[in-house]
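These notes are about the structure you will find just below.
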Amino acid sequence: MVINGMFERMYACMGFENALMALIEDPESCKDFFHAMADWKIEYFKKIGKYYDIDILNAHDDYGSNDRMFMSPDLWRSLIKPELTRIVEVCHNAGMLYQHHSCGFIEPIVPHLVEIGCDAIDTFQACNKNTPELKRKYGDKITFCGGFDNMNVLDVPGVSPEAVKKEYRRVIDSLAPGGSYVIYPIGGTFEFVEPFLERHFSYGMQFYANPQNRQRNEEIKGWQAAALDFMLYNIQTDL
């Protein structure tokens, strides 16, 4: 289940530029807003956990552009982290994993997402330059999803199959070993899909340790079925 986050709700109410200005000019009011929004979401998540059989709750709250965060890490820690901590705890108490979606550059707050108990981060993008180091440091505590370069590869009109396959290999070699990784590409076009899947089934499947997944992969017929299963696979351990 996918839910919008606190910062996204704020700029939906007042506009993106006004929201960014408010973080600087009136942080106390922003803090009150985030707390009230978290209170509402917590009650909502409790009901989800009570009445639905949900394995993972995914909250969307983007905190970064392509090369920097929308706010300083200190401001994020002061205004958003305490409320997100409460939300993650409620999800766990309700028997759900908490997966946090945040596009863009969020390297400075990854240790804090780990600290408060986030189970996964998506879609981790290539603008986070130290992703391999983050994986080595926190791979036993959090699952990384994605890691691909959208701006320069996956979303480029007319991107060559060779470029897609090279990008696939770069990401898989740095993030898949050791587990705690989900192959999760996103893109504005579908041009990358065929060479991406081709590389996945010819190379990436070696990292999957579940024999049933391997056998099932051999039986898949057609790109549609392959793409569906491909999105749902979770690398469990390195060979």
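By convention here, the chains of the structure tokens are called A, B, ... in the order presented, each chain's residues are numbered starting at 1, and ligands are numbered starting at 1 in the order presented.
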
| message | Which residues are close to Ile54 in chain A, i.e. within 10 Å by only C-alpha atoms, leaving aside same-chain residues fewer than 3 positions away? Reply as a ChimeraX atom specification. | response | /A:1,48-51,57,94-97

| message | Please report the interatomic distance between CA of Asp140 in chain A and CA of Ser180 in chain A in Å with one decimal. | response | 6.9 Å

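Here the question is which of A:Asp173, A:Asp74, A:Glu8, A:Glu43 gets nearest to Ser102 in chain A using only C-alpha atoms, and that residue is A:Glu8.
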
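The list of residues with at least one atom within 10 Å of Met6 in chain A, based on only C-alpha atoms and without residues fewer than 5 positions apart in the same chain, reads A:Tyr11, A:Ala12, A:Phe33, A:Phe34, A:His35, A:Ala36, A:Met37, A:Ala38, A:Lys41, A:Ala59, A:His60, A:Asp61, A:Asp62, A:Ile80, A:Glu83, A:Leu84.
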
| task | To one decimal in Å, tell me the separation between CA of Lys141 in chain A and CA of Gly178 in chain A. | result |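 Answer for the CA of Lys141 in chain A to CA of Gly178 in chain A separation: 11.8 Å.
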
| task | Take CA of Asn130 in chain A and CA of Glu107 in chain A and report the distance between them in Å, one decimal. | result | 7.6 Å

| field | Spatial neighbours of Gly158 in chain A, 10 Å, only C-alpha atoms, chain gap at least 5 places, as an NGL selection string | value | :A and (153 or 189 or 191-192)

Convert the current residue selection to file output with C-alpha atoms, as a compact mmCIF listing (two decimals), in the first residue's frame.
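Written output follows (result-v2.txt):
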```txt
# COMPACT_ATOMS: atom_id res chain seq x y z
CA VAL A 153 20.28 6.46 -19.16
CA THR A 189 9.54 5.76 -21.18
CA GLU A 191 12.43 2.04 -24.26
CA PHE A 192 14.80 0.64 -21.64
```

| request: Check the smallest atom-to-atom distance from each of A:Tyr203, A:Tyr44, A:Tyr181, A:Tyr138 to Tyr168 in chain A using only C-alpha atoms, then report the winner. | output: A:Tyr203

| Out of A:Val164, A:Leu75, A:Leu175, A:Ala19, which residue has the shortest atom-to-atom distance to Lys137 in chain A when counting only C-alpha atoms? |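 Closest candidate: A:Leu175.
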
Spatial neighbours of Ser65 in chain A, max dist 12 Å, only C-alpha atoms, sep filter under 3 positions, as a PDB file with all heavy atoms, in the first residue's frame:
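The new file result.pdb reads:
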```pdb
ATOM      1  N   ASP A  62       9.310  12.903  -0.885  1.00  0.00           N
ATOM      2  CA  ASP A  62      10.572  13.269  -1.530  1.00  0.00           C
ATOM      3  C   ASP A  62      11.255  14.396  -0.758  1.00  0.00           C
ATOM      4  O   ASP A  62      10.638  15.394  -0.410  1.00  0.00           O
ATOM      5  CB  ASP A  62      10.325  13.724  -2.969  1.00  0.00           C
ATOM      6  CG  ASP A  62       9.918  12.572  -3.862  1.00  0.00           C
ATOM      7  OD1 ASP A  62      10.209  11.420  -3.509  1.00  0.00           O
ATOM      8  OD2 ASP A  62       9.312  12.826  -4.919  1.00  0.00           O
ATOM      9  N   ARG A  68      21.059  17.786  -4.388  1.00  0.00           N
ATOM     10  CA  ARG A  68      21.025  18.285  -3.012  1.00  0.00           C
ATOM     11  C   ARG A  68      19.634  18.042  -2.434  1.00  0.00           C
ATOM     12  O   ARG A  68      18.669  17.788  -3.151  1.00  0.00           O
ATOM     13  CB  ARG A  68      21.354  19.769  -2.962  1.00  0.00           C
ATOM     14  CG  ARG A  68      20.296  20.687  -3.561  1.00  0.00           C
ATOM     15  CD  ARG A  68      20.856  22.035  -3.916  1.00  0.00           C
ATOM     16  NE  ARG A  68      21.795  21.922  -5.028  1.00  0.00           N
ATOM     17  CZ  ARG A  68      22.562  22.922  -5.447  1.00  0.00           C
ATOM     18  NH1 ARG A  68      22.519  24.086  -4.833  1.00  0.00           N
ATOM     19  NH2 ARG A  68      23.378  22.754  -6.474  1.00  0.00           N
ATOM     20  N   MET A  69      19.552  18.133  -1.115  1.00  0.00           N
ATOM     21  CA  MET A  69      18.259  18.000  -0.473  1.00  0.00           C
ATOM     22  C   MET A  69      17.466  19.306  -0.569  1.00  0.00           C
ATOM     23  O   MET A  69      18.038  20.382  -0.722  1.00  0.00           O
ATOM     24  CB  MET A  69      18.438  17.586   0.986  1.00  0.00           C
ATOM     25  CG  MET A  69      18.983  16.175   1.161  1.00  0.00           C
ATOM     26  SD  MET A  69      19.093  15.651   2.894  1.00  0.00           S
ATOM     27  CE  MET A  69      17.360  15.711   3.392  1.00  0.00           C
ATOM     28  N   PHE A  70      16.142  19.202  -0.496  1.00  0.00           N
ATOM     29  CA  PHE A  70      15.289  20.386  -0.526  1.00  0.00           C
ATOM     30  C   PHE A  70      15.498  21.241   0.722  1.00  0.00           C
ATOM     31  O   PHE A  70      15.218  22.439   0.725  1.00  0.00           O
ATOM     32  CB  PHE A  70      13.812  19.993  -0.589  1.00  0.00           C
ATOM     33  CG  PHE A  70      13.431  19.276  -1.847  1.00  0.00           C
ATOM     34  CD1 PHE A  70      12.531  18.224  -1.802  1.00  0.00           C
ATOM     35  CD2 PHE A  70      13.943  19.649  -3.071  1.00  0.00           C
ATOM     36  CE1 PHE A  70      12.159  17.568  -2.954  1.00  0.00           C
ATOM     37  CE2 PHE A  70      13.593  18.999  -4.230  1.00  0.00           C
ATOM     38  CZ  PHE A  70      12.688  17.940  -4.179  1.00  0.00           C
ATOM     39  N   MET A  71      15.924  20.606   1.785  1.00  0.00           N
ATOM     40  CA  MET A  71      16.152  21.279   3.066  1.00  0.00           C
ATOM     41  C   MET A  71      17.483  20.787   3.607  1.00  0.00           C
ATOM     42  O   MET A  71      17.992  19.769   3.160  1.00  0.00           O
ATOM     43  CB  MET A  71      15.026  20.940   4.042  1.00  0.00           C
ATOM     44  CG  MET A  71      14.980  19.460   4.388  1.00  0.00           C
ATOM     45  SD  MET A  71      13.359  18.848   4.907  1.00  0.00           S
ATOM     46  CE  MET A  71      12.506  18.742   3.321  1.00  0.00           C
ATOM     47  N   SER A 102      11.754   7.990  -1.520  1.00  0.00           N
ATOM     48  CA  SER A 102      12.242   9.361  -1.631  1.00  0.00           C
ATOM     49  C   SER A 102      13.192   9.437  -2.815  1.00  0.00           C
ATOM     50  O   SER A 102      14.315   8.932  -2.755  1.00  0.00           O
ATOM     51  CB  SER A 102      12.951   9.801  -0.345  1.00  0.00           C
ATOM     52  OG  SER A 102      13.179  11.196  -0.346  1.00  0.00           O
ATOM     53  N   CYS A 103      12.722  10.041  -3.901  1.00  0.00           N
ATOM     54  CA  CYS A 103      13.579  10.237  -5.065  1.00  0.00           C
ATOM     55  C   CYS A 103      14.634  11.298  -4.758  1.00  0.00           C
ATOM     56  O   CYS A 103      14.500  12.088  -3.831  1.00  0.00           O
ATOM     57  CB  CYS A 103      12.749  10.688  -6.266  1.00  0.00           C
ATOM     58  SG  CYS A 103      11.626   9.450  -6.915  1.00  0.00           S
ATOM     59  N   GLY A 104      15.673  11.310  -5.585  1.00  0.00           N
ATOM     60  CA  GLY A 104      16.664  12.359  -5.471  1.00  0.00           C
ATOM     61  C   GLY A 104      17.740  12.082  -4.437  1.00  0.00           C
ATOM     62  O   GLY A 104      17.897  10.982  -3.919  1.00  0.00           O
ATOM     63  N   PHE A 105      18.496  13.128  -4.121  1.00  0.00           N
ATOM     64  CA  PHE A 105      19.668  13.027  -3.249  1.00  0.00           C
ATOM     65  C   PHE A 105      19.243  13.025  -1.784  1.00  0.00           C
ATOM     66  O   PHE A 105      18.701  14.018  -1.279  1.00  0.00           O
ATOM     67  CB  PHE A 105      20.604  14.207  -3.522  1.00  0.00           C
ATOM     68  CG  PHE A 105      21.833  14.211  -2.668  1.00  0.00           C
ATOM     69  CD1 PHE A 105      22.891  13.354  -2.935  1.00  0.00           C
ATOM     70  CD2 PHE A 105      21.938  15.070  -1.581  1.00  0.00           C
ATOM     71  CE1 PHE A 105      24.031  13.358  -2.143  1.00  0.00           C
ATOM     72  CE2 PHE A 105      23.073  15.084  -0.775  1.00  0.00           C
ATOM     73  CZ  PHE A 105      24.116  14.219  -1.064  1.00  0.00           C
ATOM     74  N   ILE A 106      19.510  11.910  -1.095  1.00  0.00           N
ATOM     75  CA  ILE A 106      19.161  11.819   0.330  1.00  0.00           C
ATOM     76  C   ILE A 106      20.286  11.159   1.138  1.00  0.00           C
ATOM     77  O   ILE A 106      20.067  10.711   2.265  1.00  0.00           O
ATOM     78  CB  ILE A 106      17.853  11.042   0.550  1.00  0.00           C
ATOM     79  CG1 ILE A 106      17.956   9.629  -0.045  1.00  0.00           C
ATOM     80  CG2 ILE A 106      16.664  11.796  -0.012  1.00  0.00           C
ATOM     81  CD1 ILE A 106      16.821   8.721   0.379  1.00  0.00           C
ATOM     82  N   GLU A 107      21.480  11.106   0.576  1.00  0.00           N
ATOM     83  CA  GLU A 107      22.609  10.457   1.265  1.00  0.00           C
ATOM     84  C   GLU A 107      22.778  10.880   2.728  1.00  0.00           C
ATOM     85  O   GLU A 107      22.992  10.035   3.597  1.00  0.00           O
ATOM     86  CB  GLU A 107      23.920  10.733   0.511  1.00  0.00           C
ATOM     87  CG  GLU A 107      24.234   9.725  -0.557  1.00  0.00           C
ATOM     88  CD  GLU A 107      25.631   9.958  -1.132  1.00  0.00           C
ATOM     89  OE1 GLU A 107      26.500  10.438  -0.377  1.00  0.00           O
ATOM     90  OE2 GLU A 107      25.835   9.667  -2.310  1.00  0.00           O
ATOM     91  N   GLN A 125      18.365   6.515  -6.228  1.00  0.00           N
ATOM     92  CA  GLN A 125      18.818   6.899  -7.557  1.00  0.00           C
ATOM     93  C   GLN A 125      20.318   7.164  -7.605  1.00  0.00           C
ATOM     94  O   GLN A 125      20.976   7.340  -6.586  1.00  0.00           O
ATOM     95  CB  GLN A 125      18.020   8.110  -8.031  1.00  0.00           C
ATOM     96  CG  GLN A 125      16.540   7.771  -8.207  1.00  0.00           C
ATOM     97  CD  GLN A 125      15.720   8.970  -8.652  1.00  0.00           C
ATOM     98  OE1 GLN A 125      15.878  10.071  -8.152  1.00  0.00           O
ATOM     99  NE2 GLN A 125      14.822   8.755  -9.604  1.00  0.00           N
ATOM    100  N   ALA A 126      20.835   7.203  -8.827  1.00  0.00           N
ATOM    101  CA  ALA A 126      22.277   7.276  -9.041  1.00  0.00           C
ATOM    102  C   ALA A 126      22.890   8.578  -8.561  1.00  0.00           C
ATOM    103  O   ALA A 126      24.110   8.657  -8.390  1.00  0.00           O
ATOM    104  CB  ALA A 126      22.595   7.075 -10.529  1.00  0.00           C
ATOM    105  N   CYS A 127      22.068   9.609  -8.315  1.00  0.00           N
ATOM    106  CA  CYS A 127      22.622  10.870  -7.802  1.00  0.00           C
ATOM    107  C   CYS A 127      23.184  10.702  -6.393  1.00  0.00           C
ATOM    108  O   CYS A 127      23.952  11.545  -5.925  1.00  0.00           O
ATOM    109  CB  CYS A 127      21.567  11.968  -7.838  1.00  0.00           C
ATOM    110  SG  CYS A 127      20.075  11.619  -6.894  1.00  0.00           S
ATOM    111  N   ASN A 128      22.813   9.636  -5.706  1.00  0.00           N
ATOM    112  CA  ASN A 128      23.440   9.295  -4.436  1.00  0.00           C
ATOM    113  C   ASN A 128      24.744   8.561  -4.746  1.00  0.00           C
ATOM    114  O   ASN A 128      24.772   7.337  -4.883  1.00  0.00           O
ATOM    115  CB  ASN A 128      22.496   8.429  -3.602  1.00  0.00           C
ATOM    116  CG  ASN A 128      21.223   9.164  -3.232  1.00  0.00           C
ATOM    117  OD1 ASN A 128      21.224  10.039  -2.371  1.00  0.00           O
ATOM    118  ND2 ASN A 128      20.122   8.821  -3.903  1.00  0.00           N
ATOM    119  N   MET A 151      18.239  10.030 -15.356  1.00  0.00           N
ATOM    120  CA  MET A 151      18.438  11.224 -16.171  1.00  0.00           C
ATOM    121  C   MET A 151      19.354  10.981 -17.360  1.00  0.00           C
ATOM    122  O   MET A 151      19.143  11.538 -18.441  1.00  0.00           O
ATOM    123  CB  MET A 151      18.993  12.354 -15.308  1.00  0.00           C
ATOM    124  CG  MET A 151      18.016  12.894 -14.289  1.00  0.00           C
ATOM    125  SD  MET A 151      18.635  14.363 -13.444  1.00  0.00           S
ATOM    126  CE  MET A 151      18.726  15.531 -14.804  1.00  0.00           C
TER     127      MET A 151
END
```

| request: Run DSSP on the backbone of this structure and report the residues of range 84-136 of chain A it assigns to helix (DSSP H, G or I), as a list in words. | output: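 Of range 84-136 of chain A, the ones in helix (DSSP H, G or I) are Leu84, Thr85, Arg86, Ile87, Val88, Glu89, Val90, Cys91, His92, Asn93, Glu107, Pro108, Ile109, Val110, Pro111, His112, Leu113, Val114, Glu115, Thr131, Pro132, Glu133, Leu134, Lys135 and Arg136 of chain A.
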
Store the residues of this selection in a file with C-alpha atoms, as a JSON list (two decimals), in the first residue's frame.
```json
[["chain", "number", "residue", "atom", "x", "y", "z"],
["A", 84, "LEU", "CA", 8.67, 9.74, 10.85],
["A", 85, "THR", "CA", 10.06, 7.81, 13.83],
["A", 86, "ARG", "CA", 6.56, 7.62, 15.32],
["A", 87, "ILE", "CA", 5.09, 6.49, 12.01],
["A", 88, "VAL", "CA", 7.62, 3.71, 11.49],
["A", 89, "GLU", "CA", 7.06, 2.43, 15.02],
["A", 90, "VAL", "CA", 3.29, 2.29, 14.52],
["A", 91, "CYS", "CA", 3.67, 0.38, 11.25],
["A", 92, "HIS", "CA", 5.92, -2.19, 12.93],
["A", 93, "ASN", "CA", 3.54, -2.52, 15.87],
["A", 107, "GLU", "CA", 22.61, 10.46, 1.26],
["A", 108, "PRO", "CA", 22.98, 12.60, 4.41],
["A", 109, "ILE", "CA", 19.84, 11.17, 6.03],
["A", 110, "VAL", "CA", 20.26, 7.49, 5.15],
["A", 111, "PRO", "CA", 21.88, 6.71, 8.55],
["A", 112, "HIS", "CA", 18.87, 8.31, 10.22],
["A", 113, "LEU", "CA", 16.38, 6.32, 8.13],
["A", 114, "VAL", "CA", 18.26, 3.22, 9.27],
["A", 115, "GLU", "CA", 18.26, 4.41, 12.86],
["A", 131, "THR", "CA", 25.47, 4.14, -2.76],
["A", 132, "PRO", "CA", 27.95, 1.20, -2.79],
["A", 133, "GLU", "CA", 29.47, 2.44, 0.48],
["A", 134, "LEU", "CA", 26.03, 2.92, 2.01],
["A", 135, "LYS", "CA", 25.15, -0.62, 0.97],
["A", 136, "ARG", "CA", 28.31, -2.01, 2.58]]
```

| said: Between A:Asp32, A:Ala176, A:Glu167, A:Ile116, which residue has the minimum interatomic distance to Thr143 in chain A, considering only C-alpha atoms? | reply: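 Ranked by minimum distance to Thr143 in chain A, first place goes to A:Ala176.
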
| task | Identify, with DSSP run on backbone atoms, the residues in range 126-196 of chain A assigned to strand (DSSP E or B), and express the list as a list of chain:residue names. | result | A:Thr143, A:Phe144, A:Cys145, A:Gly146, A:Tyr181, A:Val182

| message | With only C-alpha atoms as the counted atoms, please give the residues lying no more than 12 Å from Asp155 in chain A, apart from itself and same-chain residues fewer than 5 positions off, as a ChimeraX atom specification. | response | /A:148-150,160,163-164,185-193

Atoms to include: N, CA and C atoms. Write the selected residues as a short mmCIF file (atom, residue, chain, number, x, y, z; two decimals), in the first residue's frame.
```
data_model
loop_
_atom_site.label_atom_id
_atom_site.label_comp_id
_atom_site.auth_asym_id
_atom_site.auth_seq_id
_atom_site.Cartn_x
_atom_site.Cartn_y
_atom_site.Cartn_z
N PHE A 148 19.44 3.14 -10.14
CA PHE A 148 19.73 3.37 -11.55
C PHE A 148 19.76 4.86 -11.90
N ASP A 149 20.43 5.16 -13.00
CA ASP A 149 20.58 6.53 -13.49
C ASP A 149 19.46 6.82 -14.48
N ASN A 150 18.45 7.51 -14.02
CA ASN A 150 17.32 7.83 -14.89
C ASN A 150 17.64 8.95 -15.86
N SER A 160 20.37 3.56 -26.18
CA SER A 160 20.81 2.33 -26.83
C SER A 160 20.69 1.15 -25.88
N ALA A 163 23.77 0.84 -23.69
CA ALA A 163 23.85 1.74 -22.54
C ALA A 163 23.00 1.24 -21.38
N VAL A 164 21.83 0.71 -21.69
CA VAL A 164 20.95 0.17 -20.66
C VAL A 164 21.60 -1.03 -19.98
N PRO A 185 13.57 -0.55 -11.21
CA PRO A 185 13.78 0.59 -12.10
C PRO A 185 12.49 1.38 -12.28
N ILE A 186 12.60 2.67 -12.44
CA ILE A 186 11.47 3.49 -12.84
C ILE A 186 11.91 4.28 -14.06
N GLY A 187 10.98 4.67 -14.88
CA GLY A 187 11.36 5.42 -16.07
C GLY A 187 10.19 6.14 -16.69
N GLY A 188 10.49 7.20 -17.43
CA GLY A 188 9.46 7.97 -18.10
C GLY A 188 9.06 7.37 -19.44
N THR A 189 9.86 6.44 -19.94
CA THR A 189 9.54 5.76 -21.18
C THR A 189 9.69 4.27 -20.95
N PHE A 190 9.32 3.49 -21.97
CA PHE A 190 9.46 2.04 -21.88
C PHE A 190 10.60 1.53 -22.78
N GLU A 191 11.40 2.45 -23.31
CA GLU A 191 12.43 2.04 -24.26
C GLU A 191 13.51 1.19 -23.61
N PHE A 192 13.73 1.38 -22.32
CA PHE A 192 14.80 0.64 -21.64
C PHE A 192 14.38 -0.77 -21.24
N VAL A 193 13.08 -1.07 -21.29
CA VAL A 193 12.57 -2.29 -20.65
C VAL A 193 13.13 -3.56 -21.26
#
```

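Omitting Gly146 in chain A and its sequence neighbours fewer than 5 positions away, and counting only C-alpha atoms, the residues within 6 Å are Thr123, Phe124, Ile183, Tyr184 and Pro185 of chain A.
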